[in-house]
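Peer 1: What follows is upload17.csv, CSV, C-alpha atoms.
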chain,number,residue,atom,x,y,z
A,1,MET,CA,5.6,2.7,14.7
A,2,ASP,CA,3.9,4.6,17.5
A,3,ASN,CA,5.7,7.9,16.8
A,4,LEU,CA,3.1,10.2,15.2
A,5,ASN,CA,5.8,12.3,13.6
A,6,ALA,CA,7.2,9.3,11.8
A,7,THR,CA,6.5,8.7,8.1
A,8,PRO,CA,3.9,5.9,7.9
A,9,LEU,CA,5.2,2.6,6.5
A,10,ALA,CA,2.8,2.8,3.6
A,11,ASN,CA,4.6,6.0,2.4
A,12,ARG,CA,8.1,4.6,2.7
A,13,PHE,CA,10.1,3.2,-0.1
A,14,THR,CA,10.0,-0.6,0.6
A,15,ILE,CA,13.1,-2.8,0.3
A,16,GLY,CA,12.8,-6.5,0.7
A,17,ILE,CA,15.7,-8.9,1.6
A,18,PHE,CA,15.2,-12.3,0.0
A,19,GLY,CA,17.2,-15.5,-0.3
A,20,ARG,CA,17.7,-19.0,0.9
A,21,ARG,CA,18.0,-19.9,4.6
A,22,ASN,CA,21.3,-19.0,6.3
A,23,VAL,CA,22.8,-16.8,3.6
A,24,GLY,CA,22.9,-13.9,6.1
A,25,LYS,CA,19.7,-12.0,5.3
A,26,SER,CA,19.1,-11.0,9.0
A,27,SER,CA,22.8,-10.0,9.4
A,28,LEU,CA,22.4,-7.9,6.3
A,29,LEU,CA,19.3,-6.1,7.8
A,30,ASN,CA,21.3,-5.5,11.0
A,31,ALA,CA,24.3,-4.1,9.0
A,32,LEU,CA,22.2,-1.8,6.8
A,33,THR,CA,20.3,-0.3,9.8
A,34,GLY,CA,23.3,-0.3,12.2
A,35,GLN,CA,21.2,-2.0,14.8
A,36,ASN,CA,20.6,-5.6,16.1
A,37,ILE,CA,17.0,-5.7,14.8
A,38,ALA,CA,16.8,-9.3,13.6
A,39,VAL,CA,17.9,-12.5,15.5
A,40,THR,CA,20.8,-14.2,13.7
A,41,SER,CA,22.0,-17.8,14.1
A,42,GLU,CA,24.0,-20.5,12.3
A,43,VAL,CA,20.8,-22.5,12.4
A,44,ALA,CA,18.9,-22.5,9.1
A,45,GLY,CA,15.4,-21.1,9.3
A,46,THR,CA,15.9,-18.7,12.3
A,47,THR,CA,13.8,-16.0,10.7
A,48,THR,CA,10.2,-17.2,10.6
A,49,ASP,CA,7.9,-14.1,10.2
A,50,PRO,CA,9.0,-11.1,8.3
A,51,VAL,CA,10.9,-8.5,10.3
A,52,SER,CA,10.7,-4.8,9.4
A,53,LYS,CA,12.8,-1.7,10.2
A,54,ALA,CA,12.1,1.8,9.2
A,55,MET,CA,15.1,4.2,8.6
A,56,GLU,CA,16.2,7.2,6.6
A,57,LEU,CA,18.5,6.5,3.6
A,58,LEU,CA,19.5,9.8,2.1
A,59,PRO,CA,19.0,11.1,-0.5
A,60,LEU,CA,16.3,8.5,-1.1
A,61,GLY,CA,14.5,9.5,2.1
A,62,PRO,CA,12.3,7.3,4.4
A,63,VAL,CA,12.6,3.6,3.6
A,64,VAL,CA,11.5,0.4,5.3
A,65,LEU,CA,13.5,-2.8,5.1
A,66,PHE,CA,12.0,-6.3,5.4
A,67,ASP,CA,13.9,-9.4,6.4
A,68,THR,CA,12.1,-12.6,5.2
A,69,ALA,CA,12.1,-16.3,5.7
A,70,GLY,CA,14.2,-18.5,3.4
A,71,LEU,CA,13.0,-19.2,-0.1
A,72,ASP,CA,14.1,-22.8,0.4
A,73,ASP,CA,12.2,-23.4,3.7
A,74,ILE,CA,10.8,-26.9,4.1
A,75,GLY,CA,7.8,-28.6,5.6
A,76,GLU,CA,4.2,-27.4,6.1
A,77,LEU,CA,5.3,-24.5,8.4
A,78,GLY,CA,8.0,-23.7,5.9
A,79,MET,CA,5.5,-23.3,3.1
A,80,LEU,CA,3.5,-20.9,5.3
A,81,ARG,CA,6.6,-18.9,5.9
A,82,ILE,CA,7.4,-18.7,2.2
A,83,GLU,CA,3.8,-17.5,1.7
A,84,LYS,CA,4.5,-14.7,4.1
A,85,THR,CA,7.7,-13.9,2.2
A,86,TYR,CA,5.7,-13.5,-1.0
A,87,GLU,CA,3.3,-11.2,0.8
A,88,VAL,CA,6.2,-8.9,1.5
A,89,LEU,CA,7.3,-9.2,-2.2
A,90,ARG,CA,3.9,-7.7,-3.3
A,91,LYS,CA,4.7,-4.4,-1.7
A,92,CYS,CA,8.4,-4.1,-2.6
A,93,ASN,CA,9.8,-1.2,-4.6
A,94,LEU,CA,13.2,-2.8,-4.6
A,95,ALA,CA,14.5,-6.4,-3.8
A,96,LEU,CA,17.8,-7.5,-2.5
A,97,VAL,CA,18.5,-11.1,-3.6
A,98,VAL,CA,21.0,-12.5,-1.1
A,99,ALA,CA,23.3,-15.5,-1.8
A,100,ASP,CA,26.5,-16.5,0.0
A,101,MET,CA,30.0,-16.9,-1.3
A,102,GLU,CA,30.3,-20.5,-0.1
A,103,ARG,CA,27.3,-22.0,-2.0
A,104,GLY,CA,27.1,-19.5,-4.8
A,105,ILE,CA,24.1,-19.0,-7.1
A,106,THR,CA,21.5,-21.7,-7.5
A,107,GLY,CA,18.1,-22.1,-9.1
A,108,PHE,CA,16.4,-20.5,-6.1
A,109,GLU,CA,18.2,-17.2,-6.9
A,110,THR,CA,17.9,-17.3,-10.6
A,111,ASP,CA,14.3,-18.3,-10.6
A,112,PHE,CA,13.4,-15.6,-8.1
A,113,ILE,CA,15.3,-13.0,-10.1
A,114,GLU,CA,13.2,-13.9,-13.1
A,115,GLU,CA,10.1,-13.6,-11.0
A,116,LEU,CA,11.2,-10.1,-10.0
A,117,LYS,CA,11.7,-9.1,-13.6
A,118,ARG,CA,8.2,-10.4,-14.5
A,119,ARG,CA,6.8,-8.2,-11.7
A,120,LYS,CA,9.0,-5.3,-12.8
A,121,ILE,CA,10.6,-5.0,-9.4
A,122,PRO,CA,14.1,-3.6,-9.6
A,123,CYS,CA,16.6,-5.9,-7.8
A,124,ILE,CA,20.2,-6.2,-6.7
A,125,CYS,CA,22.1,-9.4,-6.1
A,126,VAL,CA,24.1,-9.4,-2.8
A,127,LEU,CA,26.9,-11.9,-2.6
A,128,ASN,CA,27.3,-12.2,1.2
A,129,LYS,CA,30.1,-13.8,3.3
A,130,TRP,CA,32.6,-12.4,0.8
A,131,ASP,CA,35.3,-12.6,3.4
A,132,LYS,CA,35.2,-16.4,3.2
A,133,ARG,CA,36.7,-16.4,-0.3
A,134,LEU,CA,38.1,-12.9,-0.7
A,135,HIS,CA,39.5,-12.1,-4.2
A,136,ASP,CA,38.0,-15.2,-5.8
A,137,THR,CA,37.4,-13.3,-9.1
A,138,LYS,CA,36.5,-16.5,-11.0
A,139,VAL,CA,33.5,-17.2,-8.7
A,140,LEU,CA,32.6,-13.5,-8.8
A,141,GLU,CA,32.4,-13.5,-12.6
A,142,GLN,CA,30.4,-16.7,-12.7
A,143,VAL,CA,27.8,-15.1,-10.3
A,144,ARG,CA,27.8,-11.9,-12.3
A,145,GLN,CA,26.9,-13.7,-15.5
A,146,ALA,CA,24.3,-16.0,-13.9
A,147,VAL,CA,22.3,-13.1,-12.3
A,148,ASN,CA,22.7,-10.4,-14.9
A,149,ILE,CA,21.6,-7.7,-12.4
A,150,PRO,CA,23.7,-5.2,-10.3
A,151,LEU,CA,26.0,-7.2,-7.9
A,152,VAL,CA,27.5,-6.2,-4.6
A,153,CYS,CA,29.8,-8.3,-2.5
A,154,THR,CA,29.4,-8.0,1.3
A,155,SER,CA,30.3,-9.5,4.6
A,156,ALA,CA,27.4,-8.4,6.8
A,157,VAL,CA,29.0,-9.5,10.1
A,158,ASN,CA,32.3,-7.7,9.3
A,159,ASP,CA,30.6,-4.6,7.8
A,160,ILE,CA,32.3,-5.1,4.4
A,161,GLY,CA,30.6,-3.7,1.3
A,162,ILE,CA,27.6,-2.2,3.2
A,163,ASP,CA,28.3,1.4,2.2
A,164,GLU,CA,28.6,0.2,-1.5
A,165,LEU,CA,25.3,-1.7,-1.1
A,166,LYS,CA,23.6,1.5,0.2
A,167,GLN,CA,24.8,3.4,-2.8
A,168,GLN,CA,23.5,0.7,-5.2
A,169,ILE,CA,20.1,0.8,-3.5
A,170,ILE,CA,20.0,4.6,-4.1
A,171,ALA,CA,21.2,4.2,-7.7
A,172,ASN,CA,18.7,1.5,-8.5
A,173,ALA,CA,15.7,2.9,-6.7
A,174,ASN,CA,12.9,3.6,-9.2
A,175,ARG,CA,11.6,6.9,-7.9
A,176,GLU,CA,8.7,6.8,-10.3
A,177,ASP,CA,7.5,3.8,-8.3
A,178,ILE,CA,6.8,6.0,-5.3
A,179,GLU,CA,3.1,7.1,-5.0
A,180,PRO,CA,1.8,10.0,-7.1
A,181,PRO,CA,0.5,13.1,-5.4
A,182,LEU,CA,-2.6,12.9,-3.2
A,183,VAL,CA,-3.9,16.4,-4.0
A,184,GLY,CA,-0.9,18.2,-5.6
A,185,ASP,CA,-2.4,18.3,-9.0
A,186,LEU,CA,-5.8,19.5,-7.8
A,187,ILE,CA,-4.7,22.6,-5.8
A,188,LYS,CA,-2.2,25.4,-6.0
A,189,THR,CA,-0.2,27.7,-3.7
A,190,GLY,CA,-2.5,29.8,-1.5
A,191,ASP,CA,-5.6,27.7,-2.1
A,192,ILE,CA,-7.9,26.9,0.9
A,193,VAL,CA,-9.0,23.3,1.3
A,194,VAL,CA,-11.7,22.5,3.8
A,195,LEU,CA,-11.4,19.1,5.5
A,196,VAL,CA,-14.4,17.6,7.2
A,197,THR,CA,-13.4,15.2,9.9
A,198,PRO,CA,-16.1,13.7,12.1
A,199,ILE,CA,-15.0,12.8,15.6
A,200,ASP,CA,-16.8,9.6,16.5
A,201,LYS,CA,-16.0,6.2,18.0
A,202,SER,CA,-13.7,5.3,15.1
A,203,ALA,CA,-11.5,8.3,15.6
A,204,PRO,CA,-8.4,7.4,17.8
A,205,LYS,CA,-8.5,9.3,21.1
A,206,GLY,CA,-6.4,12.5,20.9
A,207,ARG,CA,-5.6,12.4,17.2
A,208,LEU,CA,-7.0,12.2,13.6
A,209,ILE,CA,-7.2,9.0,11.6
A,210,LEU,CA,-4.3,8.4,9.2
A,211,PRO,CA,-6.0,9.5,5.9
A,212,GLN,CA,-6.8,12.8,7.5
A,213,GLN,CA,-3.3,13.3,8.8
A,214,GLN,CA,-1.8,12.4,5.4
A,215,THR,CA,-4.1,14.7,3.5
A,216,ILE,CA,-3.3,17.7,5.8
A,217,ARG,CA,0.4,17.1,5.2
A,218,ALA,CA,-0.1,16.8,1.4
A,219,ILE,CA,-2.0,20.2,1.4
A,220,ILE,CA,0.7,21.9,3.4
A,221,ASP,CA,3.4,20.5,1.1
A,222,CYS,CA,1.6,22.3,-1.8
A,223,ASN,CA,1.9,25.6,0.2
A,224,ALA,CA,-1.9,25.7,0.5
A,225,ILE,CA,-4.1,26.1,3.5
A,226,ALA,CA,-5.8,23.2,5.3
A,227,LEU,CA,-8.9,24.2,7.3
A,228,VAL,CA,-10.3,21.4,9.4
A,229,THR,CA,-13.8,21.3,10.8
A,230,LYS,CA,-16.5,18.8,11.8
A,231,GLU,CA,-19.5,18.1,9.7
A,232,ASN,CA,-21.9,20.1,11.9
A,233,GLU,CA,-19.7,23.2,11.7
A,234,LEU,CA,-19.1,23.0,7.9
A,235,LYS,CA,-21.8,25.5,6.9
A,236,LEU,CA,-20.7,28.1,9.4
A,237,THR,CA,-17.1,27.5,8.3
A,238,LEU,CA,-17.8,28.1,4.6
A,239,GLU,CA,-19.9,31.2,5.4
A,240,SER,CA,-17.1,32.7,7.4
A,241,LEU,CA,-14.6,32.5,4.6
A,242,LYS,CA,-13.9,35.5,2.4
A,243,LYS,CA,-12.3,33.4,-0.2
A,244,ARG,CA,-14.0,30.5,-1.8
A,245,PRO,CA,-12.2,27.2,-1.0
A,246,ALA,CA,-10.6,25.3,-3.8
A,247,MET,CA,-12.1,22.0,-2.6
A,248,VAL,CA,-14.0,20.3,0.3
A,249,ILE,CA,-12.7,16.9,1.3
A,250,THR,CA,-14.9,14.8,3.6
A,251,ASP,CA,-14.9,11.6,5.5
A,252,SER,CA,-17.2,9.4,3.4
A,253,GLN,CA,-19.6,8.7,6.2
A,254,ALA,CA,-20.5,12.4,6.4
A,255,PHE,CA,-21.0,12.6,2.6
A,256,HIS,CA,-24.7,13.3,2.7
A,257,LYS,CA,-24.7,16.2,5.1
A,258,VAL,CA,-21.5,17.7,3.7
A,259,ALA,CA,-22.9,17.6,0.1
A,260,SER,CA,-26.1,19.4,1.3
A,261,ASP,CA,-24.0,22.1,3.1
A,262,THR,CA,-21.4,22.6,0.3
A,263,PRO,CA,-22.5,25.0,-2.5
A,264,PRO,CA,-22.4,23.2,-5.9
A,265,GLU,CA,-19.7,25.5,-7.3
A,266,ILE,CA,-17.2,24.2,-4.7
A,267,PRO,CA,-15.6,20.8,-5.8
A,268,LEU,CA,-16.3,18.0,-3.3
A,269,THR,CA,-14.8,14.6,-2.8
A,270,SER,CA,-13.7,12.3,0.0
A,271,PHE,CA,-10.5,11.1,1.6
A,272,SER,CA,-11.2,7.5,0.4
A,273,ILE,CA,-11.7,8.5,-3.2
A,274,LEU,CA,-8.5,10.5,-3.1
A,275,PHE,CA,-6.6,7.4,-1.8
A,276,ALA,CA,-8.3,5.2,-4.4
A,277,ARG,CA,-6.9,7.5,-7.1
A,278,GLN,CA,-3.4,7.7,-5.5
A,279,LYS,CA,-2.8,4.1,-4.6
A,280,GLY,CA,-5.0,2.2,-7.0
A,281,ASP,CA,-7.0,2.8,-10.2
A,282,LEU,CA,-9.9,5.1,-9.7
A,283,VAL,CA,-11.4,4.5,-13.2
A,284,GLU,CA,-11.3,0.7,-12.6
A,285,MET,CA,-13.0,1.1,-9.2
A,286,VAL,CA,-15.7,3.3,-10.7
A,287,ARG,CA,-16.5,0.6,-13.1
A,288,GLY,CA,-16.8,-1.8,-10.2
A,289,ILE,CA,-19.4,0.3,-8.4
A,290,LYS,CA,-21.9,-0.2,-11.3
A,291,ARG,CA,-21.5,-4.0,-10.9
A,292,LEU,CA,-23.3,-3.8,-7.6
A,293,GLU,CA,-26.6,-3.1,-9.5
A,294,ARG,CA,-26.3,-6.4,-11.3
A,295,LEU,CA,-25.8,-8.6,-8.3
A,296,LYS,CA,-27.9,-11.8,-8.3
A,297,GLU,CA,-29.5,-13.7,-5.4
A,298,GLU,CA,-26.7,-15.1,-3.1
A,299,ASP,CA,-23.9,-13.6,-5.0
A,300,LYS,CA,-20.8,-13.3,-2.8
A,301,VAL,CA,-19.1,-9.9,-2.0
A,302,LEU,CA,-15.6,-9.7,-0.5
A,303,ILE,CA,-15.0,-6.7,1.9
A,304,VAL,CA,-11.3,-5.9,2.4
A,305,GLU,CA,-9.6,-3.6,4.9
A,306,GLY,CA,-5.9,-3.0,4.7
A,307,CYS,CA,-5.6,-2.7,8.5
A,308,THR,CA,-6.9,-4.7,11.4
A,309,HIS,CA,-8.8,-3.1,14.2
A,310,HIS,CA,-11.3,-3.9,16.9
A,311,ARG,CA,-14.8,-4.1,15.5
A,312,GLN,CA,-17.3,-1.7,17.0
A,313,GLU,CA,-21.1,-1.4,16.9
A,314,GLU,CA,-22.1,-0.1,13.5
A,315,ASP,CA,-18.6,-0.9,12.1
A,316,ILE,CA,-18.2,0.4,8.6
A,317,GLY,CA,-16.8,-2.8,7.1
A,318,LYS,CA,-18.8,-5.3,9.0
A,319,VAL,CA,-22.2,-3.6,9.2
A,320,LYS,CA,-22.7,-0.5,7.2
A,321,ILE,CA,-21.1,-1.6,3.9
A,322,PRO,CA,-23.1,-4.8,3.7
A,323,ARG,CA,-26.2,-2.9,4.5
A,324,TRP,CA,-25.7,-0.5,1.7
A,325,ILE,CA,-24.8,-3.2,-0.8
A,326,SER,CA,-27.9,-5.2,0.1
A,327,GLN,CA,-30.0,-2.0,-0.4
A,328,ILE,CA,-28.4,-1.4,-3.8
A,329,ALA,CA,-28.8,-5.0,-5.0
A,330,GLY,CA,-32.3,-5.5,-3.5
A,331,LYS,CA,-31.4,-9.2,-3.0
A,332,GLU,CA,-30.0,-11.5,-0.4
A,333,ILE,CA,-26.2,-11.1,-0.8
A,334,LEU,CA,-23.5,-13.3,0.9
A,335,PHE,CA,-20.5,-11.5,2.4
A,336,ALA,CA,-16.9,-12.5,3.3
A,337,TRP,CA,-14.1,-10.4,4.9
A,338,ALA,CA,-10.4,-10.1,4.7
A,339,SER,CA,-8.1,-7.7,6.5
A,340,GLY,CA,-4.4,-6.7,7.0
A,341,ALA,CA,-1.9,-8.4,4.8
A,342,HIS,CA,-4.2,-11.3,4.0
A,343,TYR,CA,-5.7,-11.2,0.5
A,344,PRO,CA,-7.4,-14.4,-0.8
A,345,LYS,CA,-5.5,-16.4,-3.4
A,346,ASN,CA,-8.7,-17.4,-5.2
A,347,LEU,CA,-11.0,-14.4,-6.0
A,348,SER,CA,-13.1,-16.1,-8.6
A,349,GLU,CA,-15.9,-17.0,-6.2
A,350,TYR,CA,-16.7,-13.3,-5.6
A,351,ALA,CA,-18.9,-11.1,-7.8
A,352,VAL,CA,-17.4,-7.8,-6.4
A,353,ILE,CA,-14.6,-6.8,-4.1
A,354,VAL,CA,-15.1,-3.6,-1.9
A,355,HIS,CA,-11.8,-2.4,-0.6
A,356,CYS,CA,-11.0,0.3,2.0
A,357,GLY,CA,-9.1,3.4,0.9
A,358,GLY,CA,-5.8,1.6,1.6
A,359,CYS,CA,-4.0,4.2,3.7
A,360,MET,CA,-2.1,1.4,5.4
A,361,LEU,CA,-1.0,-0.2,2.1
A,362,ASN,CA,1.6,1.1,-0.3
A,363,ARG,CA,0.8,1.7,-4.0
A,364,ARG,CA,2.5,-1.6,-5.1
A,365,GLU,CA,0.4,-3.7,-2.8
A,366,MET,CA,-2.8,-1.9,-3.9
A,367,GLN,CA,-1.9,-2.3,-7.5
A,368,TYR,CA,-1.3,-6.0,-7.0
A,369,ARG,CA,-4.8,-6.4,-5.5
A,370,ILE,CA,-6.5,-4.6,-8.3
A,371,GLU,CA,-4.6,-6.5,-11.0
A,372,LYS,CA,-5.3,-9.9,-9.3
A,373,ALA,CA,-9.0,-9.0,-9.3
A,374,ARG,CA,-8.8,-8.0,-13.0
A,375,GLU,CA,-7.0,-11.2,-14.0
A,376,GLU,CA,-9.8,-13.3,-12.4
A,377,GLY,CA,-12.6,-11.2,-14.0
A,378,VAL,CA,-13.8,-9.8,-10.6
A,379,PHE,CA,-14.9,-6.2,-10.3
A,380,ILE,CA,-13.4,-4.1,-7.5
A,381,THR,CA,-14.5,-0.9,-5.9
A,382,ASN,CA,-13.8,1.3,-2.9
A,383,TYR,CA,-15.6,2.3,0.4
A,384,GLY,CA,-15.8,6.0,-0.5
A,385,LEU,CA,-17.2,5.3,-4.0
A,386,LEU,CA,-19.8,2.9,-2.6
A,387,ILE,CA,-20.9,5.3,0.1
A,388,ALA,CA,-21.2,8.2,-2.3
A,389,TYR,CA,-23.1,6.0,-4.7
A,390,ALA,CA,-25.5,4.8,-2.0
A,391,MET,CA,-26.2,8.4,-1.0
A,392,GLY,CA,-26.8,9.5,-4.6
A,393,ILE,CA,-23.9,11.9,-4.8
A,394,LEU,CA,-21.2,10.0,-6.6
A,395,PRO,CA,-21.3,12.1,-9.9
A,396,ARG,CA,-20.6,15.2,-7.8
A,397,ALA,CA,-17.8,13.5,-5.8
A,398,LEU,CA,-16.1,12.5,-9.2
A,399,GLU,CA,-16.4,16.0,-10.8
A,400,PRO,CA,-12.7,16.7,-9.9
A,401,PHE,CA,-11.7,13.6,-11.9
A,402,PRO,CA,-13.1,13.8,-15.4
A,403,ALA,CA,-11.9,10.3,-16.6
A,404,ALA,CA,-13.6,8.7,-13.6
A,405,GLY,CA,-16.8,10.6,-14.2
A,406,LEU,CA,-16.8,9.4,-17.8
A,407,ALA,CA,-16.4,5.8,-16.6
A,408,LEU,CA,-19.4,6.2,-14.3
A,409,ALA,CA,-21.5,7.4,-17.2
A,410,ASN,CA,-20.2,4.7,-19.5
A,411,PRO,CA,-19.1,1.8,-17.3
A,412,GLU,CA,-18.6,-0.8,-20.0
Once more with this new file: its structure as structure tokens, please.

Peer 2:
Amino acid sequence: MDNLNATPLANRFTIGIFGRRNVGKSSLLNALTGQNIAVTSEVAGTTTDPVSKAMELLPLGPVVLFDTAGLDDIGELGMLRIEKTYEVLRKCNLALVVADMERGITGFETDFIEELKRRKIPCICVLNKWDKRLHDTKVLEQVRQAVNIPLVCTSAVNDIGIDELKQQIIANANREDIEPPLVGDLIKTGDIVVLVTPIDKSAPKGRLILPQQQTIRAIIDCNAIALVTKENELKLTLESLKKRPAMVITDSQAFHKVASDTPPEIPLTSFSILFARQKGDLVEMVRGIKRLERLKEEDKVLIVEGCTHHRQEEDIGKVKIPRWISQIAGKEILFAWASGAHYPKNLSEYAVIVHCGGCMLNRREMQYRIEKAREEGVFITNYGLLIAYAMGILPRALEPFPAAGLALANPE
């Protein structure tokens, strides 16, 4: 998605299309979008890697649909493709479980539906290739009883039932599953919010980085005023204002200078901390920051970024974060890295996970990562929290969030 005016994928309602091979998942994606996005074939296993397509589905709004490999794929490569399918599942707000009229419902579908229910992911059963046995009410009733979830009959290649499926998607979309406000509960109409956005090698040429863009939009949506400046102009900017700003939000790497130039009566936090609160669990991540003090010699720390990018000199994840952690621990620490959709299956070998703000991940994916760490007894924290802690200003950065501040004072 190169269009800068498009809603980022992480902010779209995510719909996954799942099922066995050759039940018509790719044809269904094409029918729902009205475009030939996915390659279709009578050959089982045509779809290998997940295929995505962003679209508008009113009144639901911006959505992204994912076509996935078959749940019954076989062989070593097939297992890898199924693993990719489950990576898509982690981020889904709604799942379409596709079966075909010729083969009906099997254990693949019923077991998968039970998995969706365990994960609390709303789902719809799509009985595709309905034109093959049109009006077979007996089979239809058997399927309805077997799945016990909303059911739609379709013929994707003949455009039968597609409008009904769209209506069922809208009706079964859990709107509470969409991300909570980024700043909407912290500011009000007419407030001034100053955003400090350093322009350095990590800033894409000609534009702002995604967290900055999204925060500006969130402020405007609140009918408030977003005032953008660089760190060296912050003091002059604040002095020129007749009205005290409601908040200063900074890039974490400029925290030290911004804190010194921002009067103590003005609330201060960072983009990364805001995203930790919106997408994850800020209190849990604050508890994780205190674990860094208790690292032992050669403990292992996992550093995770939700996107992939070219590593530069003094890279934040590869160089700066490990340096700060080593300084906090005062010991020799071992580091490992993960990026993009990859998230290790086994987390137990790590003492702490340090995650980026997650602007490229949706809330469901970020919640999954936090919960998986919690299940394995591994503490998890966030780039912005770590940087503020290393610079000695974390208590101030958490002042807008009382529960998180309390967790910092009483981490256990």

Peer 1: If we count all atoms listed in the file and set the cut-off at 12 Å, which residues sit around segment 323-329 of chain A, ignoring sequence neighbours fewer than 6 positions away in its own chain? Please answer as a count of residues only.

Peer 2: 35

Peer 1: Under the rule of at most 12 Å, produce a per-residue listing of segment 351-411 of chain A near segment 8-16 of chain A: chain, number, name, the closest pair of atoms, and the distance in Å, as CSV, using only C-alpha atoms.

Peer 2:
residue,atom,partner,partner_atom,distance
A:Gly358,CA,A:Ala10,CA,8.9
A:Cys359,CA,A:Ala10,CA,6.9
A:Met360,CA,A:Ala10,CA,5.4
A:Leu361,CA,A:Ala10,CA,5.1
A:Asn362,CA,A:Ala10,CA,4.4
A:Arg363,CA,A:Ala10,CA,7.9
A:Arg364,CA,A:Thr14,CA,9.5
A:Glu365,CA,A:Ala10,CA,9.4
A:Met366,CA,A:Ala10,CA,10.5

Peer 1: Please, what distance in Å, to one decimal, runs between atom CA of Val63 of chain A and atom CA of Ser26 of chain A?

Peer 2: 16.9 Å

Peer 1: Using all atoms listed in the file, which residue out of A:Ala171, A:Ala409, A:Ile266, A:Val258 lies closest to Leu58 of chain A?

Peer 2: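 Of the candidates, the smallest distance to Leu58 of chain A is held by A:Ala171.
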
Peer 1: Distance atom CA of Lys230 of chain A-atom CA of Val286 of chain A, one decimal place?

Peer 2: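 If I compute the distance from atom CA of Lys230 of chain A to atom CA of Val286 of chain A, I get 27.3 Å.
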
Peer 1: Measuring atom to atom with all atoms listed in the file, identify which of A:Ser270, A:Leu227, A:Leu80, A:Pro264 is nearest to Leu241 of chain A.

Peer 2: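 The answer is A:Leu227, which sits nearest to Leu241 of chain A.
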
Peer 1: At a cut-off of 12 Å, using all atoms listed in the file, what residues contact Gln142 of chain A? Leave out same-chain residues fewer than 4 positions from it and give the result as JSON, numbers by chain.

Peer 2: {"A": [101, 104, 105, 106, 127, 136, 137, 138, 146, 147, 148, 151]}
